[in-house]
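Data file: input.tsv. Format and content: TSV, C-alpha atoms and all ligand atoms.
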```
chain	number	residue	atom	x	y	z
A	1	MET	CA	-12.02	-2.55	0.88
A	2	ASP	CA	-11.16	-0.47	-2.14
A	3	CYS	CA	-8.55	-2.77	-3.66
A	4	LEU	CA	-8.09	-3.09	-7.43
A	5	PHE	CA	-6.79	-6.66	-7.36
A	6	CYS	CA	-9.53	-7.81	-4.94
A	7	LYS	CA	-12.00	-6.48	-7.52
A	8	ILE	CA	-10.18	-8.29	-10.34
A	9	ALA	CA	-10.15	-11.48	-8.24
A	10	ALA	CA	-13.91	-11.11	-7.67
A	11	GLY	CA	-14.53	-10.55	-11.40
A	12	GLU	CA	-15.84	-7.03	-10.78
A	13	ILE	CA	-13.09	-5.59	-13.00
A	14	PRO	CA	-12.23	-7.53	-16.17
A	15	SER	CA	-8.83	-9.09	-16.74
A	16	THR	CA	-7.20	-11.33	-19.32
A	17	LYS	CA	-7.06	-14.54	-17.30
A	18	VAL	CA	-4.24	-17.01	-17.81
A	19	TYR	CA	-4.98	-19.35	-14.87
A	20	GLU	CA	-7.57	-19.46	-12.09
A	21	ASP	CA	-8.53	-21.75	-9.24
A	22	ASP	CA	-10.29	-21.28	-5.92
A	23	LYS	CA	-7.24	-19.67	-4.27
A	24	ILE	CA	-5.34	-17.72	-6.93
A	25	LEU	CA	-5.65	-15.89	-10.23
A	26	ALA	CA	-3.09	-15.19	-12.97
A	27	PHE	CA	-3.80	-12.51	-15.56
A	28	ARG	CA	-1.93	-10.41	-18.10
A	29	ASP	CA	-0.46	-7.10	-16.94
A	30	ILE	CA	-2.32	-4.17	-18.54
A	31	ASN	CA	1.00	-2.42	-19.23
A	32	PRO	CA	3.37	-5.23	-20.21
A	33	GLN	CA	7.10	-4.64	-19.67
A	34	THR	CA	8.12	-7.77	-21.59
A	35	PRO	CA	6.49	-9.82	-24.41
A	36	SER	CA	5.06	-12.07	-21.71
A	37	HIS	CA	4.06	-10.24	-18.50
A	38	ILE	CA	1.70	-12.06	-16.17
A	39	LEU	CA	0.61	-11.18	-12.62
A	40	VAL	CA	-0.23	-13.91	-10.12
A	41	ILE	CA	-2.30	-12.97	-7.06
A	42	PRO	CA	-3.93	-14.70	-4.11
A	43	LYS	CA	-7.72	-14.22	-4.09
A	44	GLU	CA	-7.56	-13.39	-0.39
A	45	HIS	CA	-6.28	-9.90	0.36
A	46	ILE	CA	-2.65	-9.85	1.48
A	47	GLY	CA	-1.09	-6.39	1.16
A	48	GLY	CA	2.33	-7.51	-0.03
A	49	VAL	CA	5.31	-9.74	0.75
A	50	ASP	CA	5.61	-7.74	3.99
A	51	GLU	CA	2.24	-9.15	5.11
A	52	VAL	CA	3.10	-12.81	4.47
A	53	THR	CA	3.05	-14.80	7.72
A	54	GLU	CA	3.27	-18.44	8.80
A	55	GLU	CA	-0.56	-18.37	8.86
A	56	ASN	CA	-1.11	-17.24	5.25
A	57	ALA	CA	2.07	-18.51	3.54
A	58	ALA	CA	0.47	-21.68	2.11
A	59	VAL	CA	-1.10	-19.66	-0.70
A	60	VAL	CA	2.35	-18.29	-1.59
A	61	ALA	CA	3.71	-21.84	-1.94
A	62	HIS	CA	0.70	-22.63	-4.13
A	63	ILE	CA	1.37	-19.53	-6.25
A	64	PHE	CA	4.97	-20.60	-6.85
A	65	ALA	CA	3.96	-24.12	-7.85
A	66	LYS	CA	1.56	-22.61	-10.38
A	67	ILE	CA	4.11	-20.03	-11.59
A	68	ALA	CA	6.25	-22.94	-12.80
A	69	GLU	CA	3.26	-24.42	-14.67
A	70	ILE	CA	2.13	-21.08	-16.10
A	71	ALA	CA	5.63	-20.27	-17.36
A	72	LYS	CA	5.81	-23.65	-19.12
A	73	GLN	CA	2.37	-23.15	-20.63
A	74	GLU	CA	3.46	-19.67	-21.76
A	75	GLY	CA	6.47	-21.24	-23.52
A	76	LEU	CA	9.10	-19.49	-21.41
A	77	ILE	CA	11.54	-22.38	-21.89
A	78	ASP	CA	14.63	-20.16	-21.88
A	79	GLY	CA	13.79	-18.64	-18.50
A	80	TYR	CA	11.99	-15.70	-16.97
A	81	ARG	CA	12.05	-13.47	-13.90
A	82	VAL	CA	9.67	-13.46	-10.93
A	83	VAL	CA	9.39	-10.10	-9.14
A	84	SER	CA	7.35	-8.77	-6.24
A	85	ASN	CA	7.70	-5.09	-5.46
A	86	VAL	CA	7.18	-4.14	-1.81
A	87	GLY	CA	6.22	-0.76	-0.39
A	88	GLU	CA	7.51	2.66	-1.29
A	89	HIS	CA	11.17	1.82	-1.86
A	90	GLY	CA	10.13	-1.22	-3.88
A	91	CYS	CA	7.79	0.94	-6.03
A	92	GLN	CA	4.74	-1.20	-5.26
A	93	SER	CA	1.81	0.54	-6.98
A	94	VAL	CA	-0.99	-1.94	-6.13
A	95	ARG	CA	-1.19	-2.86	-2.47
A	96	HIS	CA	-2.33	-6.47	-2.95
A	97	LEU	CA	0.32	-9.21	-3.06
A	98	HIS	CA	1.29	-10.05	-6.62
A	99	PHE	CA	4.13	-11.73	-8.41
A	100	HIS	CA	5.18	-10.53	-11.85
A	101	ILE	CA	6.25	-13.22	-14.33
A	102	LEU	CA	8.44	-11.42	-16.87
A	103	GLY	CA	9.74	-13.20	-19.93
A	104	GLY	CA	9.68	-13.77	-23.65
A	105	LYS	CA	12.97	-11.97	-24.31
A	106	GLN	CA	16.52	-11.73	-22.91
A	107	LEU	CA	16.20	-9.66	-19.74
A	108	ASN	CA	18.71	-7.13	-18.46
A	109	GLY	CA	21.26	-8.62	-16.06
A	110	SER	CA	20.82	-5.68	-13.70
A	111	MET	CA	18.05	-6.23	-11.15
A	112	VAL	CA	17.53	-2.58	-10.23
A	201	LIG	P1	3.49	-3.04	-8.95
A	201	LIG	O1	3.91	-1.70	-9.51
A	201	LIG	O2	4.60	-3.99	-8.71
A	201	LIG	O3	2.58	-2.85	-7.75
A	201	LIG	O4	2.65	-3.75	-10.09
A	201	LIG	C1	1.33	-3.43	-10.37
A	201	LIG	C2	1.08	-3.86	-11.78
A	201	LIG	O5	-0.30	-3.90	-11.99
A	201	LIG	C3	1.66	-2.91	-12.83
A	201	LIG	O6	2.60	-3.61	-13.65
A	201	LIG	C4	0.44	-2.46	-13.63
A	201	LIG	O7	0.68	-2.34	-15.01
A	201	LIG	C5	-0.55	-3.58	-13.32
A	201	LIG	N1	-1.96	-3.21	-13.43
A	201	LIG	C6	-2.57	-2.11	-12.91
A	201	LIG	N2	-3.89	-2.15	-13.17
A	201	LIG	C7	-4.12	-3.30	-13.86
A	201	LIG	C8	-5.28	-3.90	-14.42
A	201	LIG	N3	-6.50	-3.34	-14.32
A	201	LIG	N4	-5.14	-5.07	-15.08
A	201	LIG	C9	-3.92	-5.65	-15.19
A	201	LIG	N5	-2.79	-5.15	-14.68
A	201	LIG	C10	-2.89	-3.98	-14.02
A	202	ZN	ZN	-6.85	-6.79	-2.31
```
Go through the file and emit its structure as C-alpha cells.
Ligand code: AMP
Ligand code: ZN
Amino acid sequence: MDCLFCKIAAGEIPSTKVYEDDKILAFRDINPQTPSHILVIPKEHIGGVDEVTEENAAVVAHIFAKIAEIAKQEGLIDGYRVVSNVGEHGCQSVRHLHFHILGGKQLNGSMV
C-alpha cells in the first residue's frame, strides 16, 4: 500500500521520533503549526477515525495513554490540543490515522 505514514512507521521514510514502541510511533510534524507539534500514529494501517472499530480500538486507547505521557515529557504543563482530521470535510491530508498534539503556546479558542 502506498501510504506515507506506513512508510514512516516502517522506517522507510525518516522522521524525528519522539516516542516509539511495538504498536505506535510519535514524531514531529514536518510543517509545525505550533511550537510543539507531534503526530501519533498506530503502526498498523487504519485509514482514519472513521475506520476505528471495536476490533482495532485498543491501539487508540494505547495512543491516548501515551499522548498524556508525551505531552508531559514535552513540557506542555499548561495544556495542549489533540486533533484528528477526518476525510474531505475534516481536511485530512494523510489517510492513515493520526492524532496531532498541538501546544507550546496559547491556542485560539475557536476550534474551526
Ligand atoms: P492531516 O492534514 O490532519 O492529515 O495531517 C497530516 C500532517 O502530516 C500534516 O500536518 C503534515 O504537515 C504532516 N506531514 C506530512 N508529511 C510528513 C512527513 N514526511 N513527516 C512529518 N509530518 C508530515
Ligand atoms: Zn498507512
Residue with smallest distance to Gln73 of chain A - pool A:Cys3, A:Gly90, A:Ile8, A:Ser36, counting all atoms listed in the file: A:Ser36
Close residues to ligand ZN 202 (chain A) using only C-alpha atoms and all ligand atoms, limit 6 Å, as JSON, numbers by chain: {"A": [3, 5, 6, 45, 96]}
Neighbourhood of ligand LIG 201 (chain A) at 8 Å, counting all atoms listed in the file, reported as a VMD selection string: chain A and resid 4 to 5 8 13 to 16 27 to 33 39 83 to 86 90 to 96 98 to 100
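Straight-line separation from atom CA of Ile24 of chain A to atom CA of Gly109 of chain A: 29.6 Å.
Note that the spacing between atom CA of Ala10 of chain A and atom CA of Val59 of chain A amounts to 16.9 Å.
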Atom-to-atom span, atom CA of Ile67 of chain A and atom CA of Ile101 of chain A, Å: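 It comes out at 7.6 Å.
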